[in-house]
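What follows is the content of input35.txt (compact mmCIF, C-alpha atoms and all ligand atoms).
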```
# COMPACT_ATOMS: atom_id res chain seq x y z
CA MET A 257 8.15 -42.22 10.69
CA LYS A 258 5.91 -41.95 13.72
CA SER A 259 8.13 -40.43 16.41
CA SER A 260 6.18 -37.54 17.91
CA LYS A 261 9.41 -36.02 19.18
CA LYS A 262 10.53 -35.08 15.68
CA ILE A 263 9.95 -31.46 14.76
CA VAL A 264 8.18 -30.70 11.50
CA TYR A 265 8.29 -27.12 10.29
CA VAL A 266 5.48 -25.94 8.00
CA PRO A 267 5.84 -22.42 6.62
CA LEU A 268 2.49 -20.89 5.71
CA ALA A 269 1.17 -17.51 4.66
CA VAL A 270 -2.60 -18.33 4.69
CA ASP A 271 -5.07 -15.55 4.08
CA PHE A 272 -7.68 -18.14 4.99
CA ILE A 273 -7.51 -21.88 5.28
CA ASN A 274 -8.35 -24.14 2.37
CA ASP A 275 -8.09 -27.87 1.70
CA ALA A 276 -4.54 -27.50 0.32
CA HIS A 277 -3.33 -26.18 3.70
CA ILE A 278 -5.11 -28.98 5.56
CA LYS A 279 -3.50 -31.54 3.27
CA ILE A 280 -0.01 -30.14 3.95
CA ILE A 281 -0.60 -30.10 7.70
CA ASN A 282 -1.97 -33.64 7.72
CA VAL A 283 1.04 -34.89 5.80
CA ALA A 284 3.33 -33.00 8.21
CA LYS A 285 1.67 -34.60 11.22
CA LYS A 286 2.74 -38.05 10.01
CA TYR A 287 6.36 -37.02 10.49
CA GLY A 288 6.11 -35.54 13.99
CA GLU A 289 5.09 -32.47 15.93
CA VAL A 290 3.85 -29.73 13.60
CA ILE A 291 5.15 -26.22 14.13
CA VAL A 292 3.69 -23.73 11.69
CA GLY A 293 5.90 -20.78 10.81
CA LEU A 294 3.24 -18.22 9.99
CA LEU A 295 4.62 -15.60 7.64
CA THR A 296 4.15 -12.13 9.05
CA ASP A 297 2.89 -9.22 6.94
CA LYS A 298 6.49 -8.01 6.83
CA ALA A 299 7.77 -11.32 5.43
CA ILE A 300 5.00 -11.50 2.81
CA ALA A 301 5.46 -7.85 1.81
CA LYS A 302 8.99 -8.75 0.70
CA TYR A 303 7.64 -10.62 -2.31
CA LYS A 304 3.93 -9.91 -2.80
CA SER A 305 0.96 -7.98 -1.42
CA ILE A 306 0.07 -8.45 2.22
CA PRO A 307 -2.91 -10.71 3.03
CA ILE A 308 -6.41 -9.32 3.49
CA ILE A 309 -6.58 -10.79 6.99
CA ASN A 310 -4.17 -9.46 9.62
CA TYR A 311 -1.56 -11.59 11.38
CA GLU A 312 -3.47 -11.96 14.65
CA THR A 313 -6.55 -13.39 12.92
CA ARG A 314 -4.50 -15.66 10.68
CA GLU A 315 -2.66 -16.95 13.76
CA LEU A 316 -5.92 -17.66 15.56
CA MET A 317 -7.20 -19.71 12.63
CA VAL A 318 -4.04 -21.80 12.26
CA LYS A 319 -3.59 -22.32 16.01
CA ASN A 320 -6.97 -23.95 16.18
CA LEU A 321 -6.25 -26.59 13.57
CA LYS A 322 -6.29 -30.08 15.04
CA ASN A 323 -2.85 -31.19 13.91
CA VAL A 324 -0.95 -28.00 14.66
CA SER A 325 1.04 -28.01 17.92
CA LYS A 326 2.36 -24.49 17.77
CA VAL A 327 2.35 -21.36 15.62
CA ILE A 328 5.38 -19.08 15.55
CA PRO A 329 5.89 -15.92 13.48
CA ASP A 330 8.21 -16.22 10.51
CA ASN A 331 9.67 -12.83 9.64
CA SER A 332 11.94 -13.92 6.81
CA TYR A 333 10.30 -15.04 3.64
CA ASP A 334 12.99 -17.67 3.04
CA TYR A 335 12.34 -19.21 6.52
CA ILE A 336 16.10 -19.29 7.22
CA GLU A 337 15.99 -17.48 10.59
CA ASN A 338 13.44 -19.88 12.08
CA LEU A 339 15.10 -22.93 10.56
CA LYS A 340 18.41 -22.00 12.16
CA ALA A 341 16.75 -21.51 15.54
CA LEU A 342 14.55 -24.62 15.45
CA LYS A 343 16.68 -27.08 13.48
CA PRO A 344 13.59 -29.10 12.50
CA ASN A 345 13.89 -32.70 11.36
CA PHE A 346 11.50 -32.01 8.48
CA LEU A 347 10.17 -29.12 6.49
CA VAL A 348 6.93 -29.66 4.61
CA HIS A 349 6.13 -27.48 1.61
CA GLY A 350 3.81 -28.03 -1.37
CA ASP A 351 5.76 -29.01 -4.51
CA ASP A 352 4.41 -26.02 -6.50
CA TRP A 353 7.42 -23.93 -5.50
CA LYS A 354 9.60 -26.03 -7.81
CA LYS A 355 7.97 -24.15 -10.67
CA GLN A 356 6.92 -20.78 -9.25
CA GLY A 357 9.30 -18.16 -10.61
CA PHE A 358 9.85 -15.95 -7.62
CA ARG A 359 9.71 -18.73 -4.95
CA LYS A 360 11.90 -21.16 -6.87
CA HIS A 361 15.18 -19.70 -5.67
CA ILE A 362 14.28 -20.18 -1.99
CA ARG A 363 14.03 -23.97 -2.35
CA PRO A 364 17.77 -24.76 -2.84
CA LYS A 365 18.60 -22.43 0.05
CA VAL A 366 16.20 -24.32 2.30
CA ILE A 367 17.56 -27.73 1.22
CA LYS A 368 21.11 -26.55 1.90
CA ILE A 369 20.40 -25.30 5.38
CA LEU A 370 18.35 -28.40 6.34
CA LYS A 371 21.30 -30.54 5.33
CA LYS A 372 23.39 -29.01 8.13
CA TRP A 373 21.51 -31.07 10.72
CA ASN A 374 20.33 -33.79 8.37
CA GLY A 375 16.86 -32.31 8.04
CA LYS A 376 14.65 -33.45 5.17
CA LEU A 377 12.36 -31.61 2.80
CA ILE A 378 8.95 -33.22 2.23
CA GLU A 379 6.99 -31.96 -0.76
CA PRO A 380 3.42 -33.21 -1.09
CA ARG A 381 1.86 -32.57 -4.49
CA SER A 382 0.11 -29.22 -4.53
CA THR A 383 -3.58 -29.39 -5.29
CA LYS A 384 -5.29 -26.19 -6.12
CA ASN A 385 -8.46 -26.77 -8.01
CA ILE A 386 -11.00 -24.39 -9.47
CA SER A 387 -13.43 -24.79 -6.60
CA VAL A 388 -10.78 -23.68 -4.12
CA THR A 389 -10.00 -20.65 -6.27
CA ASN A 390 -13.69 -19.79 -6.45
CA SER A 391 -14.26 -20.16 -2.74
CA GLU A 392 -11.11 -18.10 -2.10
CA LYS A 393 -12.67 -15.30 -4.10
CA LYS A 394 -15.92 -15.52 -2.16
CA ILE A 395 -14.14 -15.55 1.21
CA LYS A 396 -11.96 -12.65 0.10
CA ASP A 397 -15.11 -10.70 -0.70
CA ILE A 398 -16.42 -11.33 2.81
CA PHE A 399 -13.22 -10.22 4.51
CA ASP A 400 -12.79 -7.36 2.14
CA ASN A 401 -14.85 -5.10 4.36
CA THR A 402 -14.54 -1.46 5.29
CA GLU A 403 -12.74 -2.11 8.56
CA ASN A 404 -10.09 -4.26 6.90
CA ARG A 405 -9.55 -1.71 4.16
CA VAL A 406 -9.21 1.21 6.58
CA SER A 407 -6.52 -0.58 8.58
CA LYS A 408 -4.61 -1.81 5.52
CA LEU A 409 -2.49 1.32 5.12
CA ALA A 410 -1.35 1.19 8.76
CA ARG A 411 -0.38 -2.47 8.21
CA LEU A 412 1.46 -1.62 5.00
CA ILE A 413 3.47 1.11 6.75
CA LYS A 414 4.51 -1.41 9.39
CA SER A 415 5.39 -4.14 6.92
CA LYS A 416 6.81 -2.54 3.76
CA GLU A 417 10.06 -0.75 3.15
CA ILE A 418 8.13 1.90 1.25
CA VAL A 419 4.42 2.17 0.54
CA ARG A 420 3.84 3.05 -3.10
CA VAL A 421 0.82 5.23 -3.85
CA LEU A 422 -0.55 6.29 -7.24
CA GLU A 423 -3.12 8.92 -8.11
CA SER A 424 -6.55 7.63 -9.03
CA HIS A 425 -9.22 9.97 -10.38
CA ASN A 426 -11.91 7.47 -11.35
CA SER A 427 -12.84 3.81 -11.13
CA LEU A 428 -10.88 2.82 -14.24
CA THR A 429 -7.65 4.26 -12.87
CA GLY A 430 -8.51 2.52 -9.60
CA LEU A 431 -8.73 -0.76 -11.50
CA ILE A 432 -5.33 -0.19 -13.09
CA ILE A 433 -3.83 0.30 -9.63
CA GLU A 434 -5.75 -2.69 -8.30
CA ASN A 435 -4.68 -5.14 -11.00
CA LEU A 436 -1.28 -4.13 -12.29
CA LYS A 437 1.55 -6.39 -11.11
CA ILE A 438 5.00 -6.91 -12.54
CA GLU A 439 7.66 -9.43 -11.62
CA LYS A 440 11.04 -7.85 -10.95
CA ASN A 441 14.05 -9.28 -9.11
CA LYS A 442 12.05 -12.32 -7.99
CA LYS A 443 9.41 -10.15 -6.39
CA ILE A 444 5.93 -9.07 -7.37
CA GLU A 445 5.90 -5.27 -7.63
CA GLU A 446 2.67 -3.29 -7.52
CA PHE A 447 1.07 -0.10 -6.21
CA ASP A 448 -0.14 -0.47 -2.65
CA CYS A 449 -2.59 2.34 -2.39
CA MET A 450 -4.62 5.00 -4.26
CA TRP A 451 -4.28 8.78 -3.88
CA SER A 452 -7.43 10.82 -4.25
CA SER A 453 -5.80 14.04 -5.43
CA SER A 454 -7.58 17.39 -5.18
CA LEU A 455 -5.69 18.49 -8.31
CA THR A 456 -6.66 15.59 -10.56
CA ASP A 457 -10.18 15.29 -9.12
CA SER A 458 -10.75 18.96 -9.94
CA ALA A 459 -9.04 18.78 -13.34
CA THR A 460 -11.15 15.77 -14.33
CA LYS A 461 -14.17 17.98 -13.76
CA GLY A 462 -12.57 20.86 -15.67
CA LYS A 463 -12.24 22.98 -12.54
CA PRO A 464 -9.26 24.61 -10.83
CA ASP A 465 -7.65 23.05 -7.76
CA ASN A 466 -9.16 25.64 -5.39
CA GLN A 467 -11.88 23.61 -3.67
CA ALA A 468 -14.47 24.55 -6.31
CA VAL A 469 -15.15 20.81 -6.32
CA ASP A 470 -16.54 20.29 -2.82
CA TYR A 471 -15.99 17.34 -0.49
CA SER A 472 -19.42 15.78 -1.22
CA SER A 473 -18.62 15.61 -4.89
CA ARG A 474 -15.14 14.23 -4.24
CA ILE A 475 -16.42 11.60 -1.80
CA SER A 476 -19.03 10.53 -4.32
CA SER A 477 -16.33 9.90 -6.97
CA LEU A 478 -14.07 8.11 -4.54
CA ASN A 479 -16.95 5.83 -3.60
CA ASP A 480 -17.09 4.75 -7.23
CA MET A 481 -13.44 3.71 -6.93
CA LEU A 482 -13.97 1.96 -3.61
CA ASP A 483 -16.85 -0.03 -5.11
CA VAL A 484 -14.56 -1.84 -7.53
CA THR A 485 -11.20 -2.04 -5.73
CA SER A 486 -9.79 -3.43 -2.50
CA LYS A 487 -6.60 -1.41 -2.04
CA PRO A 488 -6.49 1.38 0.53
CA LEU A 489 -7.03 5.02 -0.39
CA ILE A 490 -5.50 8.24 0.94
CA PHE A 491 -7.68 11.35 0.71
CA ASP A 492 -6.15 14.73 -0.13
CA ALA A 493 -8.33 17.06 1.94
CA ASP A 494 -6.50 20.30 1.09
CA ASN A 495 -6.50 22.14 4.45
CA GLY A 496 -9.32 20.01 5.87
CA GLY A 497 -11.87 22.82 5.42
CA GLN A 498 -13.67 24.68 8.19
CA PHE A 499 -12.66 23.55 11.67
CA GLU A 500 -16.34 23.23 12.63
CA HIS A 501 -17.01 20.88 9.68
CA LEU A 502 -13.95 18.69 10.06
CA SER A 503 -15.51 15.99 12.21
CA PHE A 504 -18.20 15.37 9.56
CA LEU A 505 -15.56 14.94 6.89
CA ILE A 506 -13.56 12.51 9.04
CA ARG A 507 -16.68 10.45 9.76
CA SER A 508 -17.67 10.25 6.10
CA LEU A 509 -14.20 9.22 4.98
CA GLU A 510 -13.76 6.57 7.65
CA ARG A 511 -17.25 5.17 7.16
CA ASN A 512 -16.64 4.85 3.44
CA GLY A 513 -13.42 2.87 3.91
CA VAL A 514 -10.75 5.53 3.33
CA SER A 515 -7.49 4.78 5.19
CA ALA A 516 -6.02 8.24 5.71
CA ILE A 517 -6.65 11.94 5.39
CA ILE A 518 -3.87 14.37 4.53
CA MET A 519 -4.41 17.99 5.57
CA GLU A 520 -2.07 20.79 4.55
CA ASP A 521 -1.21 23.71 6.84
CA LYS A 522 -2.53 26.49 4.60
CA VAL A 523 -5.40 28.96 5.06
CA GLY A 524 -7.49 31.11 2.73
CA LEU A 525 -8.44 30.42 -0.88
CA LYS A 526 -6.61 27.30 -1.87
CA LYS A 527 -4.00 27.38 -4.58
CA ASN A 528 -2.15 24.32 -5.86
CA SER A 529 1.31 24.03 -4.30
CA LEU A 530 3.05 23.46 -7.62
CA PHE A 531 2.24 26.98 -8.90
CA LYS A 532 5.33 29.14 -9.09
CA ASN A 533 3.63 32.18 -7.65
CA GLN A 534 2.57 31.48 -4.07
CA LYS A 535 2.28 35.21 -3.23
CA ASP A 536 -1.29 35.03 -1.96
CA ALA A 537 -0.96 31.65 -0.28
CA LYS A 538 -0.82 31.76 3.51
CA GLN A 539 0.29 29.17 6.01
CA ASP A 540 -1.82 28.45 9.06
CA THR A 541 -0.40 29.16 12.51
CA PRO A 542 1.13 25.99 13.93
CA LYS A 543 -1.22 26.26 16.91
CA ALA A 544 -4.42 26.48 14.85
CA PHE A 545 -3.30 23.63 12.60
CA ALA A 546 -2.40 21.47 15.61
CA LYS A 547 -5.95 22.04 16.88
CA LYS A 548 -7.28 20.61 13.60
CA ILE A 549 -5.06 17.55 13.95
CA LYS A 550 -6.28 16.98 17.50
CA LYS A 551 -9.90 17.35 16.41
CA ALA A 552 -9.39 14.82 13.61
CA CYS A 553 -7.72 12.39 16.03
CA THR A 554 -10.52 12.58 18.58
CA THR A 555 -13.21 12.17 15.90
CA ARG A 556 -11.92 9.03 14.19
CA LYS A 557 -13.31 5.72 15.39
CA SER A 558 -10.24 3.62 14.70
CA LYS A 559 -6.61 4.55 15.31
CA ASP A 560 -5.85 2.83 12.02
CA PHE A 561 -7.58 5.67 10.17
CA LEU A 562 -4.48 7.81 9.80
CA ILE A 563 -4.36 11.56 10.32
CA ILE A 564 -1.51 12.98 8.25
CA ALA A 565 -0.13 16.51 8.42
CA ARG A 566 1.30 18.12 5.30
CA ILE A 567 3.86 20.84 5.80
CA GLU A 568 4.01 23.64 3.21
CA SER A 569 6.98 25.57 4.63
CA PHE A 570 9.28 24.74 1.70
CA ILE A 571 6.54 25.59 -0.84
CA LEU A 572 6.12 29.01 0.74
CA GLY A 573 9.85 29.66 1.07
CA LYS A 574 9.87 29.48 4.86
CA GLY A 575 12.80 27.11 5.09
CA LEU A 576 13.99 24.12 7.06
CA LYS A 577 13.78 25.57 10.56
CA ASP A 578 10.11 26.46 10.17
CA ALA A 579 9.35 23.02 8.68
CA LEU A 580 11.06 21.23 11.56
CA LYS A 581 9.35 23.34 14.20
CA ARG A 582 5.97 22.60 12.65
CA ALA A 583 6.74 18.90 12.31
CA GLU A 584 7.38 18.64 16.03
CA ILE A 585 4.17 20.53 16.89
CA TYR A 586 2.04 18.44 14.52
CA SER A 587 3.60 15.22 15.72
CA ARG A 588 2.87 16.13 19.35
CA ALA A 589 -0.70 16.99 18.37
CA GLY A 590 -1.15 13.38 17.21
CA ALA A 591 -0.34 13.31 13.48
CA ASP A 592 0.40 9.72 12.44
CA ALA A 593 2.68 10.72 9.57
CA ILE A 594 4.14 13.86 8.00
CA LEU A 595 4.11 14.83 4.33
CA ILE A 596 6.95 17.24 3.69
CA HIS A 597 6.13 18.95 0.40
CA SER A 598 8.61 20.54 -1.98
CA LYS A 599 8.61 21.85 -5.55
CA GLU A 600 12.36 21.77 -6.02
CA LYS A 601 13.96 19.92 -8.92
CA THR A 602 15.85 17.54 -6.63
CA ALA A 603 15.08 15.79 -3.36
CA LYS A 604 17.85 17.67 -1.53
CA GLU A 605 15.40 19.89 0.32
CA ILE A 606 13.25 17.08 1.69
CA PHE A 607 16.33 15.03 2.55
CA SER A 608 17.69 17.94 4.61
CA PHE A 609 14.41 17.70 6.56
CA SER A 610 14.34 13.91 6.97
CA LYS A 611 17.94 13.80 8.13
CA ILE A 612 17.09 15.85 11.21
CA PHE A 613 13.45 14.87 11.76
CA ASN A 614 14.11 11.13 11.71
CA LYS A 615 16.53 11.52 14.61
CA SER A 616 14.09 13.53 16.70
CA LYS A 617 12.02 11.86 19.39
CA PHE A 618 8.91 13.19 17.63
CA SER A 619 9.74 11.47 14.38
CA LYS A 620 6.86 9.95 12.41
CA PRO A 621 6.69 8.09 9.08
CA LEU A 622 7.54 10.52 6.28
CA ILE A 623 5.82 10.99 2.94
CA ALA A 624 7.33 12.33 -0.28
CA VAL A 625 5.48 13.58 -3.38
CA PRO A 626 8.11 13.56 -6.12
CA SER A 627 6.22 15.52 -8.80
CA THR A 628 8.97 18.05 -9.54
CA TYR A 629 11.91 15.95 -8.35
CA SER A 630 10.89 12.91 -10.37
CA LYS A 631 14.46 11.69 -10.89
CA VAL A 632 14.57 10.40 -7.32
CA TYR A 633 14.46 6.59 -7.03
CA GLU A 634 12.42 4.84 -4.38
CA LYS A 635 15.61 3.29 -3.00
CA ASP A 636 16.94 6.79 -2.26
CA LEU A 637 13.72 7.77 -0.54
CA ILE A 638 14.02 4.61 1.59
CA LYS A 639 17.66 5.39 2.38
CA ASN A 640 16.64 8.85 3.51
CA GLY A 641 13.97 7.53 5.84
CA PHE A 642 10.78 7.98 3.78
CA LYS A 643 7.97 5.46 4.30
CA ILE A 644 5.41 6.51 1.67
CA VAL A 645 5.82 7.81 -1.88
CA ILE A 646 2.86 9.41 -3.65
CA TYR A 647 2.90 9.68 -7.45
CA ALA A 648 0.29 12.40 -7.29
CA ASN A 649 -0.98 13.15 -10.80
CA HIS A 650 0.59 10.78 -13.31
CA LEU A 651 -2.37 8.81 -14.61
CA LEU A 652 -4.26 11.97 -15.53
CA ARG A 653 -1.19 13.45 -17.19
CA ALA A 654 -0.84 10.25 -19.18
CA ALA A 655 -4.49 10.04 -20.19
CA PHE A 656 -4.92 13.60 -21.48
CA PRO A 657 -2.35 13.57 -24.33
CA ALA A 658 -3.46 10.08 -25.38
CA MET A 659 -7.06 11.22 -25.68
CA GLU A 660 -6.16 14.48 -27.41
CA PHE A 661 -3.94 12.65 -29.91
CA THR A 662 -6.75 10.22 -30.73
CA ALA A 663 -9.26 13.03 -31.25
CA LYS A 664 -6.80 14.85 -33.53
CA LYS A 665 -6.14 11.74 -35.64
CA ILE A 666 -9.86 11.22 -36.26
CA LEU A 667 -10.17 14.86 -37.36
CA GLU A 668 -7.19 14.56 -39.67
CA ASN A 669 -8.30 11.32 -41.31
CA THR A 670 -12.05 11.87 -41.24
CA ARG A 671 -12.33 8.29 -39.97
CA SER A 672 -11.13 6.29 -36.97
CA PHE A 673 -9.29 3.48 -38.78
CA GLU A 674 -5.82 5.09 -38.53
CA ILE A 675 -5.97 5.38 -34.76
CA GLU A 676 -7.02 1.76 -34.17
CA LYS A 677 -3.39 0.63 -33.80
CA ASN A 678 -2.82 3.11 -30.96
CA ILE A 679 -5.88 2.30 -28.89
CA ILE A 680 -6.88 -0.85 -27.04
CA PRO A 681 -9.62 -3.14 -28.30
CA ILE A 682 -12.90 -2.65 -26.47
CA LYS A 683 -12.59 -6.32 -25.43
CA ARG A 684 -9.71 -5.43 -23.09
CA ILE A 685 -11.86 -2.87 -21.30
CA ILE A 686 -14.66 -5.43 -21.01
CA ASN A 687 -12.25 -8.01 -19.60
CA LEU A 688 -10.74 -5.53 -17.18
CA ILE A 689 -14.10 -4.65 -15.75
CA GLY A 690 -15.53 -8.17 -15.76
CA ASN A 691 -19.15 -9.20 -15.74
CA ASP A 692 -20.22 -9.42 -12.09
C1 LIG B 701 -2.63 16.95 -5.30
O1 LIG B 701 -2.30 15.99 -6.00
O2 LIG B 701 -3.73 17.48 -5.37
C2 LIG B 701 -1.69 17.48 -4.31
C3 LIG B 701 -0.25 17.37 -4.54
O3 LIG B 701 -2.14 18.06 -3.33
S1 LIG B 701 0.26 18.84 -5.28
O4 LIG B 701 -0.42 18.95 -6.56
O5 LIG B 701 1.69 18.76 -5.44
O6 LIG B 701 -0.11 19.97 -4.41
MG MG B 702 -4.12 18.68 -3.55
```
How does this structure look as C-alpha cells?
Amino acid sequence: MKSSKKIVYVPLAVDFINDAHIKIINVAKKYGEVIVGLLTDKAIAKYKSIPIINYETRELMVKNLKNVSKVIPDNSYDYIENLKALKPNFLVHGDDWKKQGFRKHIRPKVIKILKKWNGKLIEPRSTKNISVTNSEKKIKDIFDNTENRVSKLARLIKSKEIVRVLESHNSLTGLIIENLKIEKNKKIEEFDCMWSSSLTDSATKGKPDNQAVDYSSRISSLNDMLDVTSKPLIFDADNGGQFEHLSFLIRSLERNGVSAIIMEDKVGLKKNSLFKNQKDAKQDTPKAFAKKIKKACTTRKSKDFLIIARIESFILGKGLKDALKRAEIYSRAGADAILIHSKEKTAKEIFSFSKIFNKSKFSKPLIAVPSTYSKVYEKDLIKNGFKIVIYANHLLRAAFPAMEFTAKKILENTRSFEIEKNIIPIKRIINLIGND
C-alpha cells in the first residue's frame, strides 16, 4: 500500500485540530499522497452551523500538518464535486458517519462514485473521548472572541441560503437561540443570530417603543446576552439617533461584539412601524440619511461590522418608486444590506421591491421582517432574493401570555399546584444555565 503516487482524499471540516483528525491523516498517509478537502463555510452551512474559525485560518492550520500534501476547498458537503474532479484512489473518513443520522446518507453516495474508478473507502475507527470534548470546549472559548463574533454575520450571509434571526430581549431568550437545534430533512436547523429589538427591549421594561429606553440601557442588556452566548447579534438602532452621537454608538456596539446595526430612515419622535396610524411619523431626506450611513461606515473598525439601512417608504405609504430610489442612494452611500419594511398582510409588497432591486447594479443583501405577513415561508423569501429573515418580537409575545396564564391560575386556585403541569421544573432552568 505504499505507492506515494496514489491520491488519498480526506474531507475535513475542522474548527480546530484534535487527535482524531491527526489519526485520520496518519492513516491516510499510509495509502498515498494526502489531499485534504477542507469544507468551506458554505458547504458546512448546508447541514449545520458554520465553524467558529474562518476558512482561511482553518486552511492555514491543516496546510501545516506534516502528512498533508495539499488542501483544497470542498464546496459540496457530500464531496461529490471534488471526487469527480480528482478521482482519488482512496477516501479516508472516520467510521462514525455509519451511525450519524444526517451524514449517514452521504456514505452510500460516496461509495458509489468511488466505484466508478475503482476507488476505495477507508474508515478508521472514530475516537472521540471526553478529554477531546473538554479541550474542544476550552479552545472554542478562546476563539470565541469579539472579533470572531462581529465577523460571523458577514460569513453567514456569504455561506447560507438565508440567515435566520430571532428576537432576544434577555439572556434567557439568548440561551434559547444559542442552544435550540432540530433535525429536519437530514440537516440541523437552528437560529443563526439574535435581534436586539427596540420594541421588545422597551416592552420588557414596560416602556413604549419611542426611544424612552436609551442606548446605554439597551447596550447594557445586550451585554448580558453576549456574556452567555456565541451567536452574532443585530442591533435595532431606530434611526441611529443624533448624527453627532452616531460614531459613539457604532464604537460601543462594535467593541461589545455586535455584528450589525440597522438604522431606519425616519426622523422626529419615534413611533413603532407596526402602528396603523403613522400620521406624525416622518421620513428622513435620502441625502441626510445617506450622510448617516457614510458616517457609520467611516467610524467602524472592521468592514465585517455591517451597516444596514432600513427603508420605511412602504410603512409611510410612499410606494415602490420612493423605496427603490432610496435603496439606490443608501447602497451607494455604503450600506451593506437593506431592510425593506412592510406592514402588509402578504409579502407581495416586498417582493415587488426585491424583483427590481435585485437586478439593479446597486443591489445588496435584502432583509425581511415578516411580522404582519407571517404566512410567508423562508423558501419563498429565498426564491425572491432575500438573504436575512428577522422574527422580530416572537419570544416576548410567547412569554407574556404564558406568564399571565400562570399568574391567573395561582389566583384562581389559591395555590400553585394546578399550574405545575404547565410550567417547566426548575431543574431544566438550572441545566440550561449550567454551573460555570
Ligand atoms: C423592532 O422589533 O423593534 C422593529 C421591527 O423595529 S418593527 O416592530 O416591525 O418596527
Ligand atoms: Mg424597532
Hey, can I get the axis-aligned box for region 446-449 of chain A? All listed atoms, 5 Å padding on each side, centre and edge lengths in Å to one decimal, as AutoDock Vina command-line options.
```
--center_x 0.0 --center_y -0.5 --center_z -5.0 --size_x 15.3 --size_y 15.6 --size_z 15.1
```
Exercise. For the point (-11.3, 24.4, -2.1) in file coordinates, what residues are within 10 Å, counting only C-alpha atoms? Give the answer as a PyMOL selection string?
Worked result: chain A and resi 454+458+464-471+493-497+524-528
For this session: Determine, counting all atoms listed in the file, which protein, DNA and RNA residues have an atom within 12 Å of an atom of Ser587 (chain A); residues of the same chain fewer than 6 positions away are not included. Present the result as number ranges by chain.
Result: A: 542, 545-547, 549-550, 553, 563-567, 579-581, 593-595, 613-614, 616-622
Exercise. Between A:Ser503, A:Thr429, A:Ser569, A:Thr296, which one has atoms that come closest to Glu312 (chain A), using only C-alpha atoms?
Worked result: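 Going through A:Ser503, A:Thr429, A:Ser569, A:Thr296 one by one, the smallest distance to Glu312 (chain A) is for A:Thr296.
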For this session: Would you mind listing what lies within 6 Å of region 410-424 of chain A as a ChimeraX atom specification, with all atoms listed in the file counted and same-chain residues fewer than 3 positions away left out?
Result: /A:297-298,301,407,429-430,447-452,560,643-649
For this session: Using CA of Leu347 (chain A) and CA of Tyr265 (chain A) as the two end points, give the distance in Å to one decimal.
Result: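 Rounded to one decimal, the two atoms are 4.7 Å apart.
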Exercise. Of the residues A:Lys326, A:Arg653, A:Lys360, A:Lys557, which is the one nearest to Ser515 (chain A), using all atoms listed in the file?
Worked result: A:Lys557
For this session: Counting all atoms listed in the file, figure out which residue out of A:Asp457, A:Glu434, A:Asp271, A:Glu634 gets nearest to Leu652 (chain A).
Result: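 Closest candidate: A:Asp457.
Nearest-residue note for ligand MG 702 (chain B): choosing from A:Ser427, A:Thr383, A:Ser453, A:Asn282, the minimum distance belongs to A:Ser453, counting all atoms listed in the file.
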Exercise. When you draw a straight line from CA of Met481 (chain A) to CA of Lys302 (chain A), how long is it in Å?
Worked result: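 Separating CA of Met481 (chain A) from CA of Lys302 (chain A) is a distance of 26.8 Å.
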Problem set entry | Selection: 9 Å around Ile273 (chain A), all atoms listed in the file, excl. self and same-chain fewer than 6 positions, as a list in words | Arg314, Met317 and Val318 of chain A
Same residues, C-alpha atoms, output as a PDB file, in the frame of the given file:
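And here's selection-v7.pdb as it stands now:
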```pdb
ATOM      1  CA  ARG A 314      -4.500 -15.660  10.680  1.00  0.00           C
ATOM      2  CA  MET A 317      -7.200 -19.710  12.630  1.00  0.00           C
ATOM      3  CA  VAL A 318      -4.040 -21.800  12.260  1.00  0.00           C
TER       4      VAL A 318
END
```
